[in-house]
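Trainee: So that you have it, the file is entry.txt, and it contains compact mmCIF, C-alpha atoms:
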```
# COMPACT_ATOMS: atom_id res chain seq x y z
CA MET A 1 11.32 23.28 9.00
CA SER A 2 12.46 22.25 12.43
CA SER A 3 16.01 21.02 12.86
CA GLY A 4 18.88 21.02 15.30
CA SER A 5 17.91 20.05 18.82
CA PHE A 6 14.79 18.88 20.65
CA SER A 7 14.69 18.55 24.45
CA PHE A 8 12.67 16.84 27.12
CA GLU A 9 12.75 19.14 30.17
CA LEU A 10 11.65 17.71 33.50
CA PRO A 11 9.61 20.05 35.73
CA ASP A 12 11.61 21.98 38.34
CA TRP A 13 10.01 20.15 41.26
CA VAL A 14 11.38 16.78 40.10
CA SER A 15 14.91 17.27 41.42
CA GLU A 16 13.48 18.12 44.86
CA ALA A 17 11.21 15.06 44.80
CA VAL A 18 14.12 12.86 43.76
CA ALA A 19 16.36 14.27 46.48
CA ALA A 20 13.65 13.56 49.08
CA ARG A 21 13.22 9.91 48.09
CA PRO A 22 13.55 7.17 50.72
CA SER A 23 17.10 6.01 51.25
CA ASP A 24 16.02 2.37 51.12
CA MET A 25 13.89 1.39 48.15
CA SER A 26 14.59 -2.32 48.25
CA ASP A 27 10.87 -2.99 48.68
CA VAL A 28 8.97 -2.88 45.40
CA GLU A 29 6.00 -1.11 46.99
CA GLU A 30 8.37 1.61 48.22
CA ARG A 31 9.62 2.10 44.65
CA MET A 32 6.08 2.22 43.34
CA ARG A 33 4.98 4.64 46.06
CA PHE A 34 7.79 6.96 44.95
CA VAL A 35 6.65 6.72 41.29
CA LEU A 36 2.99 7.28 42.16
CA GLY A 37 4.09 10.28 44.23
CA LEU A 38 5.71 11.72 41.10
CA ALA A 39 2.52 11.16 39.09
CA SER A 40 0.40 12.82 41.77
CA ARG A 41 2.75 15.76 42.14
CA HIS A 42 2.89 16.19 38.36
CA VAL A 43 -0.90 16.57 38.39
CA ALA A 44 -1.00 18.78 41.50
CA SER A 45 1.71 21.02 40.04
CA GLY A 46 -0.15 21.36 36.75
CA THR A 47 2.96 20.24 34.88
CA GLY A 48 1.37 17.41 32.88
CA GLY A 49 -0.72 14.24 32.75
CA PRO A 50 -1.09 11.66 35.54
CA PHE A 51 1.69 9.30 34.48
CA ALA A 52 5.17 8.71 35.92
CA ALA A 53 7.85 6.06 35.58
CA ALA A 54 11.34 5.38 36.90
CA VAL A 55 14.25 3.15 35.97
CA PHE A 56 16.04 1.39 38.83
CA ASP A 57 19.04 -0.88 39.10
CA ALA A 58 17.31 -4.26 39.41
CA LEU A 59 19.84 -5.56 41.94
CA SER A 60 20.79 -2.60 44.15
CA HIS A 61 17.41 -0.84 43.67
CA GLU A 62 19.22 2.45 43.18
CA LEU A 63 17.34 5.03 41.18
CA ILE A 64 18.79 5.65 37.70
CA ALA A 65 16.26 8.03 36.12
CA VAL A 66 12.70 9.25 36.31
CA GLY A 67 10.15 10.35 33.72
CA VAL A 68 6.78 12.04 33.74
CA ASN A 69 4.36 12.55 30.88
CA LEU A 70 5.57 15.63 28.98
CA VAL A 71 3.28 15.40 25.93
CA VAL A 72 1.62 18.76 26.51
CA PRO A 73 4.54 20.83 27.88
CA SER A 74 7.03 19.51 25.30
CA SER A 75 4.54 19.50 22.38
CA SER A 76 5.69 15.96 21.59
CA PRO A 77 3.18 13.16 20.99
CA VAL A 78 5.77 10.59 22.08
CA ALA A 79 6.78 12.13 25.43
CA HIS A 80 5.10 9.51 27.60
CA ALA A 81 6.58 8.92 31.05
CA GLU A 82 8.23 5.66 29.99
CA VAL A 83 9.82 7.16 26.85
CA VAL A 84 11.12 10.08 28.92
CA ALA A 85 12.46 7.79 31.67
CA PHE A 86 14.21 5.51 29.16
CA SER A 87 15.86 8.50 27.47
CA PHE A 88 17.15 9.93 30.74
CA ALA A 89 18.29 6.46 31.85
CA GLY A 90 20.26 5.97 28.63
CA GLN A 91 21.85 9.39 29.08
CA GLN A 92 22.77 8.49 32.66
CA ARG A 93 24.26 5.12 31.71
CA GLY A 94 25.87 6.36 28.48
CA ASN A 95 24.30 3.45 26.62
CA PHE A 96 21.04 2.89 24.75
CA ASP A 97 20.96 -0.64 26.19
CA LEU A 98 19.76 -0.17 29.75
CA GLY A 99 20.82 -3.72 30.54
CA ALA A 100 24.44 -3.23 29.45
CA GLY A 101 25.66 -2.14 32.89
CA GLY A 102 23.68 -4.78 34.79
CA PRO A 103 19.96 -5.58 34.96
CA THR A 104 17.49 -2.73 35.25
CA GLU A 105 13.81 -2.37 36.03
CA LEU A 106 11.06 0.02 34.93
CA VAL A 107 8.48 0.94 37.54
CA THR A 108 5.48 2.65 35.97
CA SER A 109 2.28 4.10 37.37
CA THR A 110 0.01 2.64 34.64
CA GLU A 111 0.33 -0.29 32.26
CA PRO A 112 2.33 1.00 29.27
CA CYS A 113 0.40 1.96 26.14
CA ALA A 114 1.09 0.24 22.81
CA MET A 115 3.98 2.61 22.00
CA CYS A 116 5.57 2.22 25.42
CA LEU A 117 5.33 -1.58 25.31
CA GLY A 118 7.40 -1.30 22.13
CA ALA A 119 9.83 0.98 23.98
CA VAL A 120 10.16 -1.63 26.74
CA HIS A 121 11.10 -4.18 24.08
CA TRP A 122 14.00 -1.96 22.91
CA SER A 123 15.09 -0.72 26.31
CA GLY A 124 16.98 -3.76 27.54
CA ILE A 125 15.27 -3.74 30.95
CA SER A 126 14.76 -7.04 32.75
CA ARG A 127 11.67 -6.28 34.81
CA LEU A 128 8.52 -4.23 34.27
CA VAL A 129 6.55 -3.26 37.40
CA ILE A 130 3.05 -1.83 36.95
CA ALA A 131 0.46 -0.27 39.30
CA ALA A 132 -2.81 0.55 37.46
CA ARG A 133 -4.06 -1.90 34.86
CA ASP A 134 -5.00 -1.18 31.27
CA GLU A 135 -8.67 -1.45 32.24
CA ASP A 136 -8.19 1.12 35.04
CA ALA A 137 -6.82 3.56 32.47
CA ARG A 138 -9.65 2.87 30.05
CA ALA A 139 -12.24 3.18 32.85
CA SER A 140 -10.96 6.72 33.45
CA GLY A 141 -11.25 7.51 29.74
CA PHE A 142 -7.66 7.00 28.66
CA ASP A 143 -6.77 5.31 25.38
CA GLU A 144 -4.03 2.69 25.62
CA GLY A 145 -3.64 2.07 21.89
CA ASN A 146 -3.58 -1.17 19.94
CA LYS A 147 -1.54 -3.72 21.91
CA PRO A 148 -0.46 -7.10 20.54
CA GLU A 149 -2.23 -10.14 21.97
CA GLY A 150 -0.12 -12.00 24.50
CA TRP A 151 2.48 -9.25 24.98
CA GLU A 152 3.21 -10.44 28.52
CA GLN A 153 4.11 -13.92 27.27
CA ALA A 154 6.25 -12.39 24.51
CA PHE A 155 8.13 -10.35 27.12
CA ALA A 156 8.62 -13.45 29.27
CA GLY A 157 10.08 -15.21 26.21
CA ASN A 158 12.53 -12.33 25.83
CA GLY A 159 13.57 -12.45 29.48
CA ILE A 160 11.47 -9.52 30.69
CA GLU A 161 9.57 -10.27 33.90
CA VAL A 162 6.22 -8.49 34.29
CA VAL A 163 4.97 -7.68 37.80
CA ARG A 164 1.43 -6.29 37.94
CA ASP A 165 -0.92 -4.81 40.50
CA VAL A 166 1.73 -3.27 42.72
CA LEU A 167 -0.33 -0.63 44.60
CA ARG A 168 -2.88 -0.99 41.83
CA SER A 169 -5.72 0.81 43.61
CA HIS A 170 -3.43 3.73 44.46
CA GLY A 171 -2.43 3.88 40.78
CA ALA A 172 -6.06 3.79 39.64
CA ASP A 173 -6.88 6.56 42.15
CA VAL A 174 -4.29 8.86 40.57
CA LEU A 175 -5.92 8.40 37.15
CA ARG A 176 -9.46 8.82 38.48
CA THR A 177 -8.55 11.91 40.48
CA TYR A 178 -7.04 13.52 37.39
CA ALA A 179 -9.99 12.65 35.15
CA GLU A 180 -12.60 13.74 37.69
CA GLY A 181 -10.70 16.93 38.45
CA GLY A 182 -11.00 18.11 34.88
CA GLY A 183 -7.33 17.68 34.05
CA GLU A 184 -6.44 18.56 30.48
CA ILE A 185 -7.55 15.78 28.17
CA TYR A 186 -5.58 15.52 24.99
CA ASN A 187 -6.75 13.60 22.05
CA ALA A 188 -4.54 13.27 19.01
CA GLY A 189 -6.22 12.43 15.74
CA GLY A 190 -9.57 11.63 17.26
CA THR A 191 -8.22 8.42 18.75
CA GLY A 192 -9.05 9.15 22.36
CA LEU A 193 -7.12 10.03 25.47
CA ASP A 194 -3.48 9.27 25.76
CA ALA A 195 -2.06 7.01 28.47
CA MET B 196 20.43 10.07 39.01
CA SER B 197 19.77 11.75 35.72
CA SER B 198 17.47 14.75 35.69
CA GLY B 199 16.93 18.08 34.04
CA SER B 200 17.15 17.95 30.28
CA PHE B 201 17.57 15.33 27.57
CA SER B 202 18.11 16.28 23.91
CA PHE B 203 17.84 14.74 20.49
CA GLU B 204 20.55 16.38 18.34
CA LEU B 205 20.34 15.95 14.59
CA PRO B 206 23.67 15.43 12.79
CA ASP B 207 25.24 18.58 11.33
CA TRP B 208 24.77 17.45 7.73
CA VAL B 209 20.96 17.38 8.12
CA SER B 210 20.41 21.13 7.77
CA GLU B 211 22.41 21.09 4.51
CA ALA B 212 20.43 18.11 3.18
CA VAL B 213 17.18 19.81 4.12
CA ALA B 214 18.21 23.07 2.45
CA ALA B 215 19.09 21.15 -0.74
CA ARG B 216 15.71 19.39 -0.99
CA PRO B 217 13.64 19.67 -4.18
CA SER B 218 11.43 22.73 -4.28
CA ASP B 219 8.48 20.65 -5.47
CA MET B 220 7.73 17.54 -3.42
CA SER B 221 4.13 17.13 -4.49
CA ASP B 222 4.95 13.66 -5.87
CA VAL B 223 5.05 11.01 -3.16
CA GLU B 224 8.06 9.30 -4.74
CA GLU B 225 9.92 12.61 -4.57
CA ARG B 226 9.19 12.84 -0.85
CA MET B 227 10.29 9.26 -0.33
CA ARG B 228 13.46 9.78 -2.38
CA PHE B 229 14.32 12.67 -0.06
CA VAL B 230 13.76 10.49 3.02
CA LEU B 231 15.77 7.58 1.62
CA GLY B 232 18.52 10.06 0.81
CA LEU B 233 18.61 11.04 4.49
CA ALA B 234 18.82 7.37 5.52
CA SER B 235 21.67 6.72 3.07
CA ARG B 236 23.58 9.83 4.10
CA HIS B 237 23.11 8.96 7.78
CA VAL B 238 24.82 5.64 7.08
CA ALA B 239 27.52 7.10 4.82
CA SER B 240 28.29 9.78 7.41
CA GLY B 241 28.58 7.23 10.19
CA THR B 242 26.06 9.17 12.25
CA GLY B 243 23.63 6.31 12.94
CA GLY B 244 21.47 3.45 11.69
CA PRO B 245 19.83 3.19 8.24
CA PHE B 246 16.48 4.72 9.12
CA ALA B 247 14.98 8.13 8.33
CA ALA B 248 11.54 9.70 8.40
CA ALA B 249 9.94 13.06 7.70
CA VAL B 250 6.67 14.79 8.51
CA PHE B 251 5.03 16.74 5.71
CA ASP B 252 1.94 18.90 5.40
CA ALA B 253 -0.45 16.43 3.76
CA LEU B 254 -2.01 19.10 1.55
CA SER B 255 0.80 21.48 0.55
CA HIS B 256 3.50 18.77 0.81
CA GLU B 257 5.75 21.22 2.61
CA LEU B 258 8.36 19.68 4.86
CA ILE B 259 7.67 20.15 8.59
CA ALA B 260 10.41 18.08 10.24
CA VAL B 261 12.84 15.24 9.69
CA GLY B 262 14.22 12.49 11.89
CA VAL B 263 16.98 9.94 11.67
CA ASN B 264 17.71 7.02 13.98
CA LEU B 265 19.69 8.46 16.93
CA VAL B 266 19.67 5.41 19.22
CA VAL B 267 23.45 5.05 19.33
CA PRO B 268 24.55 8.72 19.27
CA SER B 269 21.92 9.84 21.81
CA SER B 270 22.19 6.70 24.00
CA SER B 271 18.41 6.48 23.92
CA PRO B 272 16.63 3.20 23.13
CA VAL B 273 13.59 5.13 21.89
CA ALA B 274 15.33 7.49 19.44
CA HIS B 275 14.01 5.84 16.29
CA ALA B 276 13.66 8.03 13.20
CA GLU B 277 9.87 8.26 13.58
CA VAL B 278 10.02 9.23 17.27
CA VAL B 279 12.62 11.88 16.50
CA ALA B 280 10.64 13.23 13.51
CA PHE B 281 7.42 13.43 15.56
CA SER B 282 9.19 15.30 18.35
CA PHE B 283 10.70 17.87 16.00
CA ALA B 284 7.38 18.20 14.18
CA GLY B 285 5.55 18.90 17.45
CA GLN B 286 8.18 21.47 18.38
CA GLN B 287 7.77 23.10 14.96
CA ARG B 288 3.97 23.19 15.18
CA GLY B 289 3.85 24.07 18.87
CA ASN B 290 1.36 21.25 19.41
CA PHE B 291 1.66 17.56 20.31
CA ASP B 292 -1.22 16.87 17.91
CA LEU B 293 0.37 16.99 14.49
CA GLY B 294 -3.08 17.15 12.91
CA ALA B 295 -4.17 20.24 14.83
CA GLY B 296 -2.89 22.68 12.22
CA GLY B 297 -4.17 20.69 9.25
CA PRO B 298 -3.54 17.13 8.06
CA THR B 299 0.00 15.80 8.12
CA GLU B 300 1.81 12.79 6.73
CA LEU B 301 4.74 10.66 7.90
CA VAL B 302 7.06 9.36 5.19
CA THR B 303 9.36 6.66 6.54
CA SER B 304 12.12 4.60 4.99
CA THR B 305 11.04 1.30 6.63
CA GLU B 306 7.77 0.03 8.05
CA PRO B 307 7.60 1.34 11.63
CA CYS B 308 8.52 -1.07 14.42
CA ALA B 309 6.01 -1.92 17.16
CA MET B 310 6.95 1.17 19.22
CA CYS B 311 6.74 3.51 16.25
CA LEU B 312 3.34 2.13 15.19
CA GLY B 313 2.19 3.17 18.66
CA ALA B 314 3.78 6.58 18.13
CA VAL B 315 1.86 6.94 14.84
CA HIS B 316 -1.35 6.27 16.77
CA TRP B 317 -0.63 9.20 19.12
CA SER B 318 0.83 11.56 16.56
CA GLY B 319 -2.35 12.75 14.90
CA ILE B 320 -1.01 12.21 11.38
CA SER B 321 -3.46 11.33 8.61
CA ARG B 322 -1.24 9.34 6.26
CA LEU B 323 1.67 6.91 6.72
CA VAL B 324 3.89 6.33 3.67
CA ILE B 325 6.37 3.43 3.79
CA ALA B 326 9.20 2.23 1.53
CA ALA B 327 10.76 -1.04 2.80
CA ARG B 328 8.44 -3.67 4.24
CA ASP B 329 8.68 -5.38 7.59
CA GLU B 330 9.96 -8.51 5.82
CA ASP B 331 12.70 -6.51 4.09
CA ALA B 332 13.89 -5.31 7.49
CA ARG B 333 13.78 -8.80 8.96
CA ALA B 334 15.57 -10.23 5.89
CA SER B 335 18.46 -7.86 6.63
CA GLY B 336 18.51 -8.99 10.27
CA PHE B 337 16.53 -6.20 11.89
CA ASP B 338 14.01 -6.85 14.64
CA GLU B 339 10.68 -5.05 14.23
CA GLY B 340 9.21 -5.97 17.60
CA ASN B 341 5.82 -7.42 18.45
CA LYS B 342 3.17 -5.73 16.29
CA PRO B 343 -0.57 -6.15 16.79
CA GLU B 344 -2.42 -8.21 14.19
CA GLY B 345 -4.34 -6.09 11.72
CA TRP B 346 -2.66 -2.79 12.63
CA GLU B 347 -3.29 -1.43 9.13
CA GLN B 348 -7.03 -2.00 9.45
CA ALA B 349 -6.99 -0.42 12.91
CA PHE B 350 -5.26 2.66 11.49
CA ALA B 351 -7.81 2.83 8.66
CA GLY B 352 -10.55 2.75 11.29
CA ASN B 353 -8.90 5.72 13.02
CA GLY B 354 -8.63 7.70 9.80
CA ILE B 355 -4.96 6.99 9.10
CA GLU B 356 -4.30 5.99 5.50
CA VAL B 357 -1.38 3.58 4.97
CA VAL B 358 0.53 3.71 1.66
CA ARG B 359 3.10 0.94 1.22
CA ASP B 360 5.83 -0.01 -1.22
CA VAL B 361 6.74 3.52 -2.31
CA LEU B 362 10.27 2.98 -3.70
CA ARG B 363 10.29 -0.27 -1.76
CA SER B 364 13.32 -1.80 -3.49
CA HIS B 365 15.34 1.38 -2.92
CA GLY B 366 14.34 1.24 0.76
CA ALA B 367 15.33 -2.41 1.03
CA ASP B 368 18.66 -1.62 -0.65
CA VAL B 369 19.48 0.94 2.05
CA LEU B 370 18.94 -1.68 4.75
CA ARG B 371 20.88 -4.39 2.92
CA THR B 372 23.79 -2.08 2.14
CA TYR B 373 24.06 -1.15 5.80
CA ALA B 374 23.86 -4.74 7.03
CA GLU B 375 26.32 -6.06 4.44
CA GLY B 376 28.70 -3.18 5.03
CA GLY B 377 29.14 -4.15 8.68
CA GLY B 378 27.25 -1.18 10.10
CA GLU B 379 27.00 -1.20 13.85
CA ILE B 380 24.43 -3.73 14.94
CA TYR B 381 22.84 -2.96 18.25
CA ASN B 382 20.95 -5.44 20.25
CA ALA B 383 19.21 -4.39 23.45
CA GLY B 384 18.36 -7.09 25.92
CA GLY B 385 19.08 -9.96 23.61
CA THR B 386 15.96 -9.21 21.59
CA GLY B 387 17.67 -8.71 18.24
CA LEU B 388 18.48 -5.78 16.04
CA ASP B 389 16.55 -2.59 16.26
CA ALA B 390 14.57 -1.22 13.31
```
Represent the structure from my file as structure tokens, please.

Mentor:
Amino acid sequence: MSSGSFSFELPDWVSEAVAARPSDMSDVEERMRFVLGLASRHVASGTGGPFAAAVFDALSHELIAVGVNLVVPSSSPVAHAEVVAFSFAGQQRGNFDLGAGGPTELVTSTEPCAMCLGAVHWSGISRLVIAARDEDARASGFDEGNKPEGWEQAFAGNGIEVVRDVLRSHGADVLRTYAEGGGEIYNAGGTGLDA
Amino acid sequence: MSSGSFSFELPDWVSEAVAARPSDMSDVEERMRFVLGLASRHVASGTGGPFAAAVFDALSHELIAVGVNLVVPSSSPVAHAEVVAFSFAGQQRGNFDLGAGGPTELVTSTEPCAMCLGAVHWSGISRLVIAARDEDARASGFDEGNKPEGWEQAFAGNGIEVVRDVLRSHGADVLRTYAEGGGEIYNAGGTGLDA
């Protein structure tokens, strides 16, 4: 029986990548370029799957926390980039509600899977910014899970703005490069690849 | 900026509760009674919300890992009981695919929310056992998120058996007792209570 403590550990290179980020990330493409750089470096470093996300202050555009997909290295089926980023962001803010200290934004390299859309619902963020689309992920062989119809409209009704296609082709390239390069493909329960 | 390590820490009383579990949990109601006991004790101890879950070996019925809702104490919007249980179970098995070492089962005190249904999809479990229904949670004021239509059928198609209403009224009682007792109600982003 497992008990006590479970940790998400970011790869060592992350702190260096974070320290080297642009000083001005007021442009949304700049924020996405940073996130896609994390996804690419995660792949190139062999530290996990081709997914990254970051939480920013939605007004000042300051970086609050980053996440990368840690499913394989942490042996956790839930350690998607968004789940990891939300956990670090809550730790940083000292509050599970990421909107409690002012509006926040999630910038993610690929449209969130079914689980991570649920996580967005709970997170308290005000804006969701996405590069690669669901169909880009599926075209590279990744499963996205069973998403509710009309989730974008539901988010809009809950005050969460969705911004798509920010550096979409760059995002799709990261996925394709990983898949074509023979990156580890994990497949829980016969349900396909995990995005 | 937050970086490095993020941990889920189970409350101190959990190891004692786990050690005191029945030696024979081959009966599904016995497994659910154990899980509902964790949810009740979590509330009584003031260590978090009224939700608990556990992963069992689906053949031997041995306990692999437990989880309780740690959203408030861990300041993480994703630290639902199921997410916590899956993470500890992966750590215990040394594999993100909880089905890799033989079939496993999740026993949970309340029907999983939208995020946790997604987590079930990725987990690799073969059976999902539920006490309180979605409508019991909503009747006590808890939000369950935006679930896809027909998720049970989709799980069946992926080889995940869903068993409902196991000690349902006991499960609903745990939720009602918490809500009526003035337990902390958290509400991220104005989207309602978090189940």

Trainee: Can you check which residues of chain A have any atom within 6 Å of chain B? Use all atoms listed in the file and format it as a count of residues only.

Mentor: 35

Trainee: Could you work out how far atom CA of Ala53 of chain A lies from atom CA of Val166 of chain A, giving the answer in Å with one decimal?

Mentor: 13.2 Å

Trainee: Tell me which of A:Leu38, A:Ala131, A:Ala179, A:Val174 sits closest to Ala81 of chain A, counting all atoms listed in the file.

Mentor: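 Smallest separation from Ala81 of chain A among the options: A:Leu38.
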
Trainee: Calculate how many Å separate atom CA of Val357 of chain B from atom CA of Ser235 of chain B, rounding to one decimal.

Mentor: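 Pair atom CA of Val357 of chain B / atom CA of Ser235 of chain B returns 23.3 Å.
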
Trainee: Could you check which of B:Val230, B:Val263, B:Ala334, B:Val223 is closest to Gly243 of chain B, using only C-alpha atoms?

Mentor: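 So, comparing all the options, the nearest one is B:Val263.
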
Trainee: Go ahead and compute the interatomic distance for atom CA of Arg228 of chain B and atom CA of Glu330 of chain B, in Å to one decimal.

Mentor: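 About the pair atom CA of Arg228 of chain B and atom CA of Glu330 of chain B: they are 20.3 Å apart.
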
Trainee: Which residue gives the smallest distance to Thr108 of chain A among A:Arg168, A:His42, A:His61, A:Arg138, with all atoms listed in the file counted?

Mentor: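 Checking each candidate against Thr108 of chain A, we get A:Arg168 as the closest.
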
Trainee: Just checking: using all atoms listed in the file, which residue out of B:Ser218, B:Ala332, B:Phe229, B:Glu356 ends up closest to Asp368 of chain B?

Mentor: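 The shortest atom-to-atom distance to Asp368 of chain B comes from B:Ala332.
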